[in-house]
Each structure stands twice: as structure tokens, then as C-alpha cells.
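Participant: My structure file structure19.tsv, TSV, C-alpha atoms and all ligand atoms, is below:
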```
chain	number	residue	atom	x	y	z
A	1	MET	CA	59.67	125.01	101.36
A	2	ASP	CA	60.16	125.22	105.08
A	3	PHE	CA	63.11	123.03	106.18
A	4	ALA	CA	63.89	122.10	109.78
A	5	ILE	CA	66.03	119.62	111.73
A	6	ARG	CA	64.59	117.78	114.69
A	7	PRO	CA	65.35	114.66	116.76
A	8	TYR	CA	64.13	111.30	115.42
A	9	GLN	CA	60.65	110.12	116.44
A	10	PRO	CA	59.62	106.43	116.16
A	11	SER	CA	56.93	107.38	113.60
A	12	ASP	CA	59.77	108.49	111.26
A	13	LEU	CA	60.96	104.92	110.73
A	14	PRO	CA	59.05	104.20	107.46
A	15	SER	CA	60.36	107.50	106.06
A	16	LEU	CA	63.93	106.52	106.93
A	17	TYR	CA	63.52	103.27	104.98
A	18	ARG	CA	62.17	105.21	101.99
A	19	ILE	CA	64.86	107.91	102.05
A	20	CYS	CA	67.58	105.25	102.38
A	21	LEU	CA	66.22	103.45	99.30
A	22	GLU	CA	65.70	106.59	97.22
A	23	THR	CA	69.17	108.01	97.84
A	24	VAL	CA	71.30	104.90	97.56
A	25	PHE	CA	72.70	105.94	94.19
A	26	GLY	CA	72.83	109.65	95.01
A	27	GLY	CA	69.16	110.12	94.12
A	28	ALA	CA	68.92	108.11	90.87
A	29	PRO	CA	65.80	105.91	90.67
A	30	VAL	CA	66.53	102.54	92.29
A	31	ILE	CA	63.25	101.21	93.60
A	32	ALA	CA	62.83	98.92	90.58
A	33	GLN	CA	66.29	97.43	91.20
A	34	TYR	CA	65.28	95.90	94.55
A	35	SER	CA	62.35	93.50	94.67
A	36	ASP	CA	62.24	94.00	98.45
A	37	PRO	CA	62.32	97.78	99.10
A	38	ASP	CA	63.19	97.32	102.79
A	39	LEU	CA	66.50	95.51	102.38
A	40	LEU	CA	68.69	98.62	102.28
A	41	GLY	CA	66.99	100.22	105.26
A	42	HIS	CA	67.28	97.02	107.31
A	43	PHE	CA	71.06	97.42	107.11
A	44	TYR	CA	71.90	101.10	106.56
A	45	ALA	CA	69.17	103.03	108.42
A	46	ALA	CA	66.71	101.31	110.75
A	47	PRO	CA	69.07	99.58	113.21
A	48	TYR	CA	70.72	102.93	114.03
A	49	ALA	CA	67.39	104.68	114.60
A	50	VAL	CA	66.10	101.81	116.73
A	51	LEU	CA	69.27	101.07	118.73
A	52	GLU	CA	70.72	104.61	119.03
A	53	PRO	CA	67.71	106.93	118.54
A	54	ASP	CA	69.37	109.84	120.36
A	55	LEU	CA	72.00	109.98	117.59
A	56	CYS	CA	69.43	110.18	114.79
A	57	PHE	CA	68.33	113.56	113.43
A	58	VAL	CA	65.68	114.11	110.78
A	59	LEU	CA	65.44	116.90	108.20
A	60	THR	CA	61.86	117.84	107.33
A	61	SER	CA	60.42	119.93	104.51
A	62	ASP	CA	57.02	121.36	105.38
A	63	GLY	CA	56.93	118.82	108.20
A	64	ALA	CA	57.65	115.72	106.06
A	65	PRO	CA	60.93	113.82	106.57
A	66	CYS	CA	63.29	114.37	103.63
A	67	GLY	CA	66.69	113.52	105.08
A	68	TYR	CA	68.55	112.13	108.06
A	69	VAL	CA	71.85	111.63	109.73
A	70	LEU	CA	72.26	108.60	111.97
A	71	GLY	CA	75.03	106.47	113.37
A	72	THR	CA	76.68	105.04	116.41
A	73	ARG	CA	79.14	106.30	119.01
A	74	ASP	CA	80.88	102.93	119.19
A	75	THR	CA	81.03	100.77	116.08
A	76	ALA	CA	82.17	97.60	117.89
A	77	GLY	CA	79.42	97.93	120.50
A	78	PHE	CA	76.85	98.64	117.78
A	79	ARG	CA	77.91	95.54	115.90
A	80	ALA	CA	77.39	93.47	119.05
A	81	ALA	CA	73.97	95.08	119.70
A	82	CYS	CA	72.91	94.36	116.10
A	83	GLU	CA	73.91	90.72	116.53
A	84	LEU	CA	71.86	90.47	119.75
A	85	GLU	CA	68.83	92.52	118.82
A	86	TRP	CA	68.55	93.15	115.09
A	87	PHE	CA	69.94	90.67	112.57
A	88	GLY	CA	68.67	87.36	114.04
A	89	VAL	CA	65.09	87.68	112.90
A	90	LEU	CA	66.17	89.12	109.53
A	91	ARG	CA	68.52	86.18	108.87
A	92	THR	CA	65.59	83.82	109.41
A	93	ARG	CA	63.36	85.93	107.18
A	94	TYR	CA	65.99	86.25	104.40
A	95	PRO	CA	67.97	82.98	104.04
A	96	LEU	CA	71.43	83.21	102.44
A	97	PRO	CA	71.01	83.24	98.64
A	98	LEU	CA	72.82	80.86	96.31
A	99	GLU	CA	76.30	82.02	95.24
A	100	THR	CA	75.00	82.18	91.66
A	101	ASP	CA	72.42	84.84	92.64
A	102	LYS	CA	73.99	88.16	91.58
A	103	SER	CA	70.89	90.31	92.23
A	104	ARG	CA	71.00	93.48	94.35
A	105	ASP	CA	68.62	91.82	96.83
A	106	ALA	CA	71.07	88.92	97.21
A	107	ALA	CA	73.98	91.31	97.83
A	108	MET	CA	72.04	93.05	100.64
A	109	ILE	CA	70.99	89.72	102.17
A	110	ARG	CA	74.66	88.66	102.25
A	111	LEU	CA	75.47	91.90	104.12
A	112	ILE	CA	72.70	91.18	106.63
A	113	HIS	CA	74.26	87.75	107.23
A	114	ALA	CA	77.78	89.20	107.48
A	115	GLY	CA	76.65	91.80	110.04
A	116	GLN	CA	77.98	95.28	110.67
A	117	PRO	CA	81.73	95.72	110.16
A	118	SER	CA	83.56	95.84	113.49
A	119	GLY	CA	85.24	99.23	112.93
A	120	LEU	CA	88.22	98.04	114.93
A	121	GLU	CA	90.50	99.00	112.09
A	122	PHE	CA	89.79	102.67	112.91
A	123	PRO	CA	90.44	102.70	116.67
A	124	ASP	CA	90.88	106.49	116.73
A	125	HIS	CA	87.52	106.90	114.99
A	126	PRO	CA	85.14	104.59	116.93
A	127	ALA	CA	81.89	106.27	115.82
A	128	HIS	CA	80.42	105.97	112.34
A	129	LEU	CA	77.53	107.59	110.48
A	130	HIS	CA	75.26	107.65	107.44
A	131	ILE	CA	73.68	110.79	105.96
A	132	ASP	CA	71.10	110.95	103.16
A	133	LEU	CA	68.93	113.75	101.79
A	134	LEU	CA	66.26	113.44	99.11
A	135	PRO	CA	67.14	115.36	95.91
A	136	HIS	CA	64.87	118.34	96.65
A	137	ALA	CA	66.68	118.89	99.97
A	138	GLN	CA	70.23	118.68	98.57
A	139	GLY	CA	72.58	121.57	97.88
A	140	GLY	CA	71.03	124.04	100.32
A	141	GLY	CA	73.37	123.63	103.26
A	142	TRP	CA	71.15	121.13	105.11
A	143	GLY	CA	73.65	118.26	104.81
A	144	ARG	CA	76.24	120.42	106.55
A	145	ALA	CA	73.67	121.44	109.18
A	146	LEU	CA	72.73	117.80	109.88
A	147	MET	CA	76.40	116.85	110.11
A	148	THR	CA	77.08	119.73	112.54
A	149	ARG	CA	74.18	118.56	114.75
A	150	PHE	CA	75.45	114.96	114.73
A	151	LEU	CA	79.07	115.92	115.50
A	152	LYS	CA	77.91	118.17	118.36
A	153	GLU	CA	76.22	115.13	119.90
A	154	LEU	CA	79.37	113.01	119.53
A	155	ARG	CA	81.53	115.72	121.12
A	156	ALA	CA	79.08	116.02	124.02
A	157	ALA	CA	79.48	112.26	124.52
A	158	ASP	CA	83.28	112.66	124.49
A	159	VAL	CA	83.74	110.47	121.40
A	160	ARG	CA	87.25	110.90	120.01
A	161	GLY	CA	86.58	110.34	116.31
A	162	VAL	CA	84.12	109.26	113.63
A	163	HIS	CA	84.47	107.43	110.33
A	164	LEU	CA	82.27	106.73	107.31
A	165	GLY	CA	82.39	104.83	104.04
A	166	VAL	CA	81.46	106.14	100.60
A	167	GLY	CA	81.58	104.59	97.14
A	168	THR	CA	84.39	105.92	94.95
A	169	ARG	CA	81.80	106.72	92.28
A	170	ASN	CA	79.72	108.95	94.61
A	171	VAL	CA	81.78	111.99	93.69
A	172	GLY	CA	79.28	114.51	95.09
A	173	ALA	CA	79.27	112.89	98.54
A	174	VAL	CA	83.08	112.65	98.51
A	175	ARG	CA	83.30	116.39	97.83
A	176	PHE	CA	80.76	117.04	100.59
A	177	TYR	CA	82.69	115.00	103.19
A	178	GLU	CA	85.93	116.75	102.29
A	179	ARG	CA	84.26	120.20	102.47
A	180	VAL	CA	82.87	119.49	105.94
A	181	GLY	CA	86.27	118.38	107.23
A	182	PHE	CA	86.69	114.63	106.80
A	183	VAL	CA	90.07	113.25	105.72
A	184	LEU	CA	90.74	110.09	103.74
A	185	LEU	CA	91.77	107.15	105.96
A	186	LYS	CA	91.76	104.26	103.51
A	187	GLU	CA	90.77	103.24	99.97
A	188	ASP	CA	89.62	99.71	99.52
A	189	ASN	CA	87.65	97.74	96.93
A	190	GLY	CA	85.55	100.57	95.45
A	191	ALA	CA	85.04	102.30	98.80
A	192	LEU	CA	86.69	105.30	100.41
A	193	TRP	CA	86.88	105.49	104.20
A	194	TYR	CA	86.92	108.98	105.68
A	195	GLY	CA	87.50	110.06	109.28
A	196	MET	CA	87.41	113.08	111.54
A	197	LYS	CA	89.05	113.41	114.95
A	198	LEU	CA	86.85	115.25	117.44
A	199	GLU	CA	87.98	117.79	119.98
A	200	THR	CA	85.90	117.68	123.13
A	201	ASN	CA	86.02	120.16	125.99
A	202	GLU	CA	87.91	117.61	128.10
A	203	ARG	CA	90.53	116.91	125.44
A	204	SER	CA	91.00	120.54	124.40
A	205	GLN	CA	91.66	121.48	128.07
A	206	ALA	CA	94.09	118.56	128.62
B	1	LIG	C1	75.95	114.19	100.09
B	1	LIG	C2	74.87	114.99	100.81
B	1	LIG	C3	74.63	114.45	102.21
B	1	LIG	C4	75.34	116.47	100.94
B	1	LIG	O1	74.33	117.24	101.56
B	1	LIG	P1	73.92	118.63	100.88
B	1	LIG	O2	72.85	119.26	101.69
B	1	LIG	O3	73.60	118.36	99.45
B	1	LIG	O4	75.27	119.46	101.00
B	1	LIG	P2	75.41	120.96	101.51
B	1	LIG	O5	74.53	121.84	100.68
B	1	LIG	O6	75.22	121.02	102.97
B	1	LIG	O7	76.93	121.27	101.13
B	1	LIG	C5	77.98	121.40	102.11
B	1	LIG	C6	79.27	121.66	101.38
B	1	LIG	O8	79.60	120.52	100.55
B	1	LIG	C7	79.71	120.92	99.20
B	1	LIG	N1	79.04	119.93	98.35
B	1	LIG	C8	77.88	119.28	98.61
B	1	LIG	N2	77.54	118.50	97.57
B	1	LIG	C9	78.49	118.68	96.64
B	1	LIG	C10	78.68	118.17	95.34
B	1	LIG	N3	77.81	117.31	94.77
B	1	LIG	N4	79.78	118.55	94.63
B	1	LIG	C11	80.68	119.43	95.18
B	1	LIG	N5	80.54	119.96	96.43
B	1	LIG	C12	79.45	119.59	97.13
B	1	LIG	C13	78.95	122.22	99.07
B	1	LIG	O9	79.47	123.02	98.01
B	1	LIG	C14	79.16	122.84	100.42
B	1	LIG	O10	80.38	123.53	100.50
B	1	LIG	P3	80.48	124.94	101.35
B	1	LIG	O11	79.60	124.77	102.56
B	1	LIG	O12	81.91	125.00	101.70
B	1	LIG	O13	79.99	125.98	100.43
B	1	LIG	C15	73.52	115.00	100.02
B	1	LIG	O14	73.71	115.64	98.79
B	1	LIG	C16	72.94	113.61	99.80
B	1	LIG	O15	72.27	113.09	100.67
B	1	LIG	N6	73.20	113.02	98.61
B	1	LIG	C17	72.57	111.75	98.21
B	1	LIG	C18	72.83	110.60	99.16
B	1	LIG	C19	74.30	110.37	99.39
B	1	LIG	O16	75.11	110.30	98.47
B	1	LIG	N7	74.62	110.19	100.69
B	1	LIG	C20	75.98	109.89	101.11
B	1	LIG	C21	76.19	108.41	101.00
B	1	LIG	S1	77.84	107.92	101.49
```
What do you get writing this file as C-alpha cells?

Facilitator:
Amino acid sequence: MDFAIRPYQPSDLPSLYRICLETVFGGAPVIAQYSDPDLLGHFYAAPYAVLEPDLCFVLTSDGAPCGYVLGTRDTAGFRAACELEWFGVLRTRYPLPLETDKSRDAAMIRLIHAGQPSGLEFPDHPAHLHIDLLPHAQGGGWGRALMTRFLKELRAADVRGVHLGVGTRNVGAVRFYERVGFVLLKEDNGALWYGMKLETNERSQA
């Protein structure tokens, strides 16, 4: 298979939704667990590609998207942009479920109503990211390559740090983040928050 990394194109959006859904549990089958297959992508993938397309990079195998890294330079600003431009129509489309509804769809709809976390608790790490590769693309160094491409873009934009969240049970991803240089910032309610400070040319010369 011929793998390559390229900038996001708008025609990639359906593939981002699919990859987001298919990798949510590290690659285990999940499609049957969501009656609406778009819910995850509405929150974890599409708003980044649409609102910050220049920070979205796509991994292809033989030309077909099979992975991505995407995120925001400024988590607080991204949250505000999502409130203005992204979540309104989704909140109308997906009304808040009853508290008794414990389905996975209901959990995602509650997140859509809660909005993106502000990120203000990590002021030294204002950017955040998500990275997902389909199983056939994992383990070959492409996650590291995507991460390197994304971090290069943040450094060029003089961003001072980046954070991310990962489930405590996603042991493979935790190992990956530690191998590529992230350090644990916080553990909280089944999630681990990792961060990386970024040296830019300006800061390293200061
Ligand atoms: C986690 C993920 C992004 C890693 O990408 P990848 O292409 O598989 O990882 P790479 O091959 O680039 O590995 C980079 C380094 O991390 C290590 N690593 C990656 N996955 C690992 C695992 N499961 N266990 C231990 N180490 C791992 C590699 O050994 C490698 O170390 P080295 O470069 O020092 O030799 C990818 O496997 C993935 O998308 N998984 C499913 C979705 C997911 O969990 N996303 C994260 C959600 S928070």
C-alpha cells in the first residue's frame, strides 16, 4: 500500500466522519453501537476540518483517506467559533435526550449541547488535537508522521503548547502519546490529559 500525508480537502469530510466512527474504540467495531453514525464526527472531527482546515492533515492509502490529525491553535477561540457557527443547527436537529436515556447516541447529544471544553485550565497549552488512523494504517510510523506535521504547523504559528485527552483504557494511544513526547498534565474521571510545550524560533532565540 502506498501511504501519503496531504492537506485536508473539503471532499475528505465524509471520510473524516467515517474514520472518527471506526476508530473511537481504538479500531473495535462500533458502528452498530450508534444509531446515528454522524454523531461522533459532528463533535470530534468535522468542526475542526471546517473551522480550521489549514490545521487538518489527511493520511491516504492508495489515494483513499485512512487517517487524520486535526485540531485548533486556540481552544477558547475554537469553542466560541463552534458556538457561533457549528453547534446551533445541531442542537435543533438533536434535542437534549431524557436523563433516563443512557444510550451512546444520548451521551454524544449531551456533549453537543455542552459544547467544546474551554481549555482554559491548560493556559500553557492553548492548542488541542485529535488523531485517528484506521487499523490497516496503524503501527507503521504514520501516526508519528502526522503528529510531526501538525506540530510543525503549530510552531510556525508560534503556539506555545498543545494538549489532548485520551481515555485511560486506550492504552495503545497513551503509549503513543508518551513516545512522541507528550507529558501527563491531569487525570480526571476516566480521562488522561496530556500536553507538550512547543519551542518556536522566536522563543528559542529569546
Ligand atoms: C494511536 C495512534 C494514533 C498511533 O499511530 P500509529 O501510526 O499506530 O503509531 P506509530 O506507528 O507512528 O508509533 C509511534 C510510536 O508510538 C509507539 N506506539 C504506537 N502505538 C503503540 C501501542 N499500541 N503500544 C505501544 N507503543 C505504541 C510506537 O512503538 C512508536 O514508537 P517509536 O517511534 O519510538 O518506535 C493510532 O494507532 C490510532 O489511530 N489508533 C486508533 C485511534 C486512537 O486510539 N486514537 C487516539 C484517540 S485519543

Participant: Using only C-alpha atoms and all ligand atoms, determine which residues fall within 10 Å of ligand LIG 1 (chain B), then list them as an NGL selection string.

Facilitator: :A and (19-28 or 66-69 or 129-148 or 164-181 or 191-193)

Participant: Between atom CA of Arg73 of chain A and atom CA of Ala114 of chain A, measure the distance and give it in Å to one decimal.

Facilitator: 20.7 Å

Participant: What does the structure give for the distance between atom CA of Thr200 of chain A and atom CA of Asp158 of chain A, in Å to one decimal?

Facilitator: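 If I compute the distance from atom CA of Thr200 of chain A to atom CA of Asp158 of chain A, I get 5.8 Å.
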
Participant: Would you mind listing what lies within 8 Å of Met108 of chain A as a compact mmCIF listing (two decimals) with C-alpha atoms, in the coordinates of the input, with only C-alpha atoms counted and same-chain residues fewer than 5 positions away left out?

Facilitator:
```
# COMPACT_ATOMS: atom_id res chain seq x y z
CA LEU A 39 66.50 95.51 102.38
CA LEU A 40 68.69 98.62 102.28
CA PHE A 43 71.06 97.42 107.11
```

Participant: As number ranges by chain, please: the residues near Pro47 of chain A (cut-off 10 Å, all atoms listed in the file, same-chain neighbours under 3 positions excluded).

Facilitator: A: 41-44, 50-53, 70-72, 78, 81-82, 85-87

Participant: Using the selection just defined, write its residues with C-alpha atoms as an mmCIF file, in the coordinates of the input.

Facilitator:
```cif
data_model
loop_
_atom_site.group_PDB
_atom_site.id
_atom_site.type_symbol
_atom_site.label_atom_id
_atom_site.label_comp_id
_atom_site.auth_asym_id
_atom_site.auth_seq_id
_atom_site.Cartn_x
_atom_site.Cartn_y
_atom_site.Cartn_z
ATOM 1 C CA GLY A 41 66.990 100.220 105.260
ATOM 2 C CA HIS A 42 67.280 97.020 107.310
ATOM 3 C CA PHE A 43 71.060 97.420 107.110
ATOM 4 C CA TYR A 44 71.900 101.100 106.560
ATOM 5 C CA VAL A 50 66.100 101.810 116.730
ATOM 6 C CA LEU A 51 69.270 101.070 118.730
ATOM 7 C CA GLU A 52 70.720 104.610 119.030
ATOM 8 C CA PRO A 53 67.710 106.930 118.540
ATOM 9 C CA LEU A 70 72.260 108.600 111.970
ATOM 10 C CA GLY A 71 75.030 106.470 113.370
ATOM 11 C CA THR A 72 76.680 105.040 116.410
ATOM 12 C CA PHE A 78 76.850 98.640 117.780
ATOM 13 C CA ALA A 81 73.970 95.080 119.700
ATOM 14 C CA CYS A 82 72.910 94.360 116.100
ATOM 15 C CA GLU A 85 68.830 92.520 118.820
ATOM 16 C CA TRP A 86 68.550 93.150 115.090
ATOM 17 C CA PHE A 87 69.940 90.670 112.570
#
```

Participant: Please provide the set of residues having any atom within 7 Å of Ile5 of chain A, restricted to all atoms listed in the file, with same-chain residues fewer than 6 positions apart removed, written as a PyMOL selection string.

Facilitator: chain A and resi 57-60

Participant: Given the choices A:Ala64, A:Glu99, A:Leu84, A:Leu154, which gets closest to Ser11 of chain A if the distance is worked out from only C-alpha atoms?

Facilitator: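 Checking each candidate against Ser11 of chain A, we get A:Ala64 as the closest.
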
Participant: Can you list, as a list in words, every protein, DNA or RNA residue that comes within 9 Å of Leu96 of chain A when you count all atoms listed in the file, leaving out same-chain residues fewer than 4 positions away?

Facilitator: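 Once the adjacent positions are removed, what remains is Arg91, Ala106, Ile109, Arg110 and His113 of chain A.
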
Participant: Expressed in Å to a single decimal, how great is the separation between atom CA of Ala80 of chain A and atom CA of Leu184 of chain A?

Facilitator: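 Calculated distance between atom CA of Ala80 of chain A and atom CA of Leu184 of chain A is 26.2 Å.
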
Participant: Neighbouring residues of segment 120-128 of chain A were defined as those with any atom within 8 Å, considering all atoms listed in the file; residues of the same chain fewer than 6 positions away were excluded. Please report them as an mmCIF file with C-alpha atoms, in the frame of the given file.

Facilitator:
```
data_model
loop_
_atom_site.group_PDB
_atom_site.id
_atom_site.type_symbol
_atom_site.label_atom_id
_atom_site.label_comp_id
_atom_site.auth_asym_id
_atom_site.auth_seq_id
_atom_site.Cartn_x
_atom_site.Cartn_y
_atom_site.Cartn_z
ATOM 1 C CA GLY A 71 75.030 106.470 113.370
ATOM 2 C CA THR A 72 76.680 105.040 116.410
ATOM 3 C CA ARG A 73 79.140 106.300 119.010
ATOM 4 C CA ASP A 74 80.880 102.930 119.190
ATOM 5 C CA THR A 75 81.030 100.770 116.080
ATOM 6 C CA ALA A 76 82.170 97.600 117.890
ATOM 7 C CA VAL A 159 83.740 110.470 121.400
ATOM 8 C CA ARG A 160 87.250 110.900 120.010
ATOM 9 C CA GLY A 161 86.580 110.340 116.310
ATOM 10 C CA VAL A 162 84.120 109.260 113.630
ATOM 11 C CA HIS A 163 84.470 107.430 110.330
ATOM 12 C CA LEU A 164 82.270 106.730 107.310
ATOM 13 C CA GLY A 195 87.500 110.060 109.280
ATOM 14 C CA MET A 196 87.410 113.080 111.540
ATOM 15 C CA LYS A 197 89.050 113.410 114.950
#
```

Participant: If I only have part of segment 7-43 of chain A, can you fill in N, CA and C atoms and write it as a PDB file, in the coordinates of the input?

Facilitator:
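The resulting part00.pdb:
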```pdb
ATOM      1  N   PRO A   7      64.985 116.016 116.369  1.00  0.00           N
ATOM      2  CA  PRO A   7      65.350 114.660 116.760  1.00  0.00           C
ATOM      3  C   PRO A   7      64.399 113.633 116.131  1.00  0.00           C
ATOM      4  N   TYR A   8      64.911 112.437 115.929  1.00  0.00           N
ATOM      5  CA  TYR A   8      64.130 111.300 115.420  1.00  0.00           C
ATOM      6  C   TYR A   8      62.955 110.981 116.334  1.00  0.00           C
ATOM      7  N   GLN A   9      61.816 110.650 115.718  1.00  0.00           N
ATOM      8  CA  GLN A   9      60.650 110.120 116.440  1.00  0.00           C
ATOM      9  C   GLN A   9      60.357 108.735 115.868  1.00  0.00           C
ATOM     10  N   PRO A  10      59.876 107.773 116.691  1.00  0.00           N
ATOM     11  CA  PRO A  10      59.620 106.430 116.160  1.00  0.00           C
ATOM     12  C   PRO A  10      58.736 106.414 114.908  1.00  0.00           C
ATOM     13  N   SER A  11      57.814 107.361 114.785  1.00  0.00           N
ATOM     14  CA  SER A  11      56.930 107.380 113.600  1.00  0.00           C
ATOM     15  C   SER A  11      57.683 107.748 112.323  1.00  0.00           C
ATOM     16  N   ASP A  12      58.959 108.175 112.450  1.00  0.00           N
ATOM     17  CA  ASP A  12      59.770 108.490 111.260  1.00  0.00           C
ATOM     18  C   ASP A  12      60.304 107.243 110.571  1.00  0.00           C
ATOM     19  N   LEU A  13      60.230 106.075 111.243  1.00  0.00           N
ATOM     20  CA  LEU A  13      60.960 104.920 110.730  1.00  0.00           C
ATOM     21  C   LEU A  13      60.621 104.562 109.276  1.00  0.00           C
ATOM     22  N   PRO A  14      59.329 104.503 108.880  1.00  0.00           N
ATOM     23  CA  PRO A  14      59.050 104.200 107.460  1.00  0.00           C
ATOM     24  C   PRO A  14      59.688 105.215 106.513  1.00  0.00           C
ATOM     25  N   SER A  15      59.739 106.479 106.919  1.00  0.00           N
ATOM     26  CA  SER A  15      60.360 107.500 106.060  1.00  0.00           C
ATOM     27  C   SER A  15      61.858 107.263 105.934  1.00  0.00           C
ATOM     28  N   LEU A  16      62.495 106.797 107.009  1.00  0.00           N
ATOM     29  CA  LEU A  16      63.930 106.520 106.930  1.00  0.00           C
ATOM     30  C   LEU A  16      64.197 105.395 105.924  1.00  0.00           C
ATOM     31  N   TYR A  17      63.371 104.345 105.960  1.00  0.00           N
ATOM     32  CA  TYR A  17      63.520 103.270 104.980  1.00  0.00           C
ATOM     33  C   TYR A  17      63.414 103.818 103.552  1.00  0.00           C
ATOM     34  N   ARG A  18      62.423 104.694 103.344  1.00  0.00           N
ATOM     35  CA  ARG A  18      62.170 105.210 101.990  1.00  0.00           C
ATOM     36  C   ARG A  18      63.325 106.110 101.530  1.00  0.00           C
ATOM     37  N   ILE A  19      63.778 106.992 102.420  1.00  0.00           N
ATOM     38  CA  ILE A  19      64.860 107.910 102.050  1.00  0.00           C
ATOM     39  C   ILE A  19      66.132 107.113 101.771  1.00  0.00           C
ATOM     40  N   CYS A  20      66.390 106.097 102.583  1.00  0.00           N
ATOM     41  CA  CYS A  20      67.580 105.250 102.380  1.00  0.00           C
ATOM     42  C   CYS A  20      67.532 104.616 100.988  1.00  0.00           C
ATOM     43  N   LEU A  21      66.368 104.099 100.610  1.00  0.00           N
ATOM     44  CA  LEU A  21      66.220 103.450  99.300  1.00  0.00           C
ATOM     45  C   LEU A  21      66.370 104.464  98.167  1.00  0.00           C
ATOM     46  N   GLU A  22      65.745 105.628  98.326  1.00  0.00           N
ATOM     47  CA  GLU A  22      65.700 106.590  97.220  1.00  0.00           C
ATOM     48  C   GLU A  22      67.008 107.341  97.017  1.00  0.00           C
ATOM     49  N   THR A  23      67.917 107.261  97.968  1.00  0.00           N
ATOM     50  CA  THR A  23      69.170 108.010  97.840  1.00  0.00           C
ATOM     51  C   THR A  23      70.383 107.116  97.651  1.00  0.00           C
ATOM     52  N   VAL A  24      70.147 105.796  97.531  1.00  0.00           N
ATOM     53  CA  VAL A  24      71.300 104.900  97.560  1.00  0.00           C
ATOM     54  C   VAL A  24      72.284 105.167  96.419  1.00  0.00           C
ATOM     55  N   PHE A  25      71.780 105.596  95.276  1.00  0.00           N
ATOM     56  CA  PHE A  25      72.700 105.940  94.190  1.00  0.00           C
ATOM     57  C   PHE A  25      72.710 107.452  93.984  1.00  0.00           C
ATOM     58  N   GLY A  26      72.753 108.196  95.081  1.00  0.00           N
ATOM     59  CA  GLY A  26      72.830 109.650  95.010  1.00  0.00           C
ATOM     60  C   GLY A  26      71.546 110.291  94.525  1.00  0.00           C
ATOM     61  N   GLY A  27      70.435 109.538  94.521  1.00  0.00           N
ATOM     62  CA  GLY A  27      69.160 110.120  94.120  1.00  0.00           C
ATOM     63  C   GLY A  27      68.621 109.558  92.816  1.00  0.00           C
ATOM     64  N   ALA A  28      69.415 108.726  92.104  1.00  0.00           N
ATOM     65  CA  ALA A  28      68.920 108.110  90.870  1.00  0.00           C
ATOM     66  C   ALA A  28      67.843 107.075  91.229  1.00  0.00           C
ATOM     67  N   PRO A  29      66.874 106.842  90.325  1.00  0.00           N
ATOM     68  CA  PRO A  29      65.800 105.910  90.670  1.00  0.00           C
ATOM     69  C   PRO A  29      66.332 104.488  90.882  1.00  0.00           C
ATOM     70  N   VAL A  30      65.983 103.869  91.989  1.00  0.00           N
ATOM     71  CA  VAL A  30      66.530 102.540  92.290  1.00  0.00           C
ATOM     72  C   VAL A  30      65.465 101.554  92.725  1.00  0.00           C
ATOM     73  N   ILE A  31      64.253 102.073  92.977  1.00  0.00           N
ATOM     74  CA  ILE A  31      63.250 101.210  93.600  1.00  0.00           C
ATOM     75  C   ILE A  31      63.056  99.940  92.783  1.00  0.00           C
ATOM     76  N   ALA A  32      63.068 100.082  91.437  1.00  0.00           N
ATOM     77  CA  ALA A  32      62.830  98.920  90.580  1.00  0.00           C
ATOM     78  C   ALA A  32      63.976  97.917  90.660  1.00  0.00           C
ATOM     79  N   GLN A  33      65.139  98.343  91.177  1.00  0.00           N
ATOM     80  CA  GLN A  33      66.290  97.430  91.200  1.00  0.00           C
ATOM     81  C   GLN A  33      66.298  96.524  92.426  1.00  0.00           C
ATOM     82  N   TYR A  34      65.395  96.753  93.364  1.00  0.00           N
ATOM     83  CA  TYR A  34      65.280  95.900  94.550  1.00  0.00           C
ATOM     84  C   TYR A  34      63.869  95.328  94.570  1.00  0.00           C
ATOM     85  N   SER A  35      63.722  94.001  94.602  1.00  0.00           N
ATOM     86  CA  SER A  35      62.350  93.500  94.670  1.00  0.00           C
ATOM     87  C   SER A  35      61.808  93.669  96.080  1.00  0.00           C
ATOM     88  N   ASP A  36      62.695  93.701  97.097  1.00  0.00           N
ATOM     89  CA  ASP A  36      62.240  94.000  98.450  1.00  0.00           C
ATOM     90  C   ASP A  36      62.758  95.400  98.825  1.00  0.00           C
ATOM     91  N   PRO A  37      61.862  96.403  98.896  1.00  0.00           N
ATOM     92  CA  PRO A  37      62.320  97.780  99.100  1.00  0.00           C
ATOM     93  C   PRO A  37      62.877  98.050 100.490  1.00  0.00           C
ATOM     94  N   ASP A  38      62.718  97.094 101.419  1.00  0.00           N
ATOM     95  CA  ASP A  38      63.190  97.320 102.790  1.00  0.00           C
ATOM     96  C   ASP A  38      64.618  96.872 103.039  1.00  0.00           C
ATOM     97  N   LEU A  39      65.208  96.129 102.085  1.00  0.00           N
ATOM     98  CA  LEU A  39      66.500  95.510 102.380  1.00  0.00           C
ATOM     99  C   LEU A  39      67.584  96.523 102.741  1.00  0.00           C
ATOM    100  N   LEU A  40      67.642  97.627 101.986  1.00  0.00           N
ATOM    101  CA  LEU A  40      68.690  98.620 102.280  1.00  0.00           C
ATOM    102  C   LEU A  40      68.501  99.223 103.670  1.00  0.00           C
ATOM    103  N   GLY A  41      67.265  99.594 103.973  1.00  0.00           N
ATOM    104  CA  GLY A  41      66.990 100.220 105.260  1.00  0.00           C
ATOM    105  C   GLY A  41      67.237  99.290 106.434  1.00  0.00           C
ATOM    106  N   HIS A  42      67.018  97.975 106.229  1.00  0.00           N
ATOM    107  CA  HIS A  42      67.280  97.020 107.310  1.00  0.00           C
ATOM    108  C   HIS A  42      68.744  97.084 107.746  1.00  0.00           C
ATOM    109  N   PHE A  43      69.622  97.436 106.802  1.00  0.00           N
ATOM    110  CA  PHE A  43      71.060  97.420 107.110  1.00  0.00           C
ATOM    111  C   PHE A  43      71.590  98.831 107.388  1.00  0.00           C
TER     112      PHE A  43
END
```
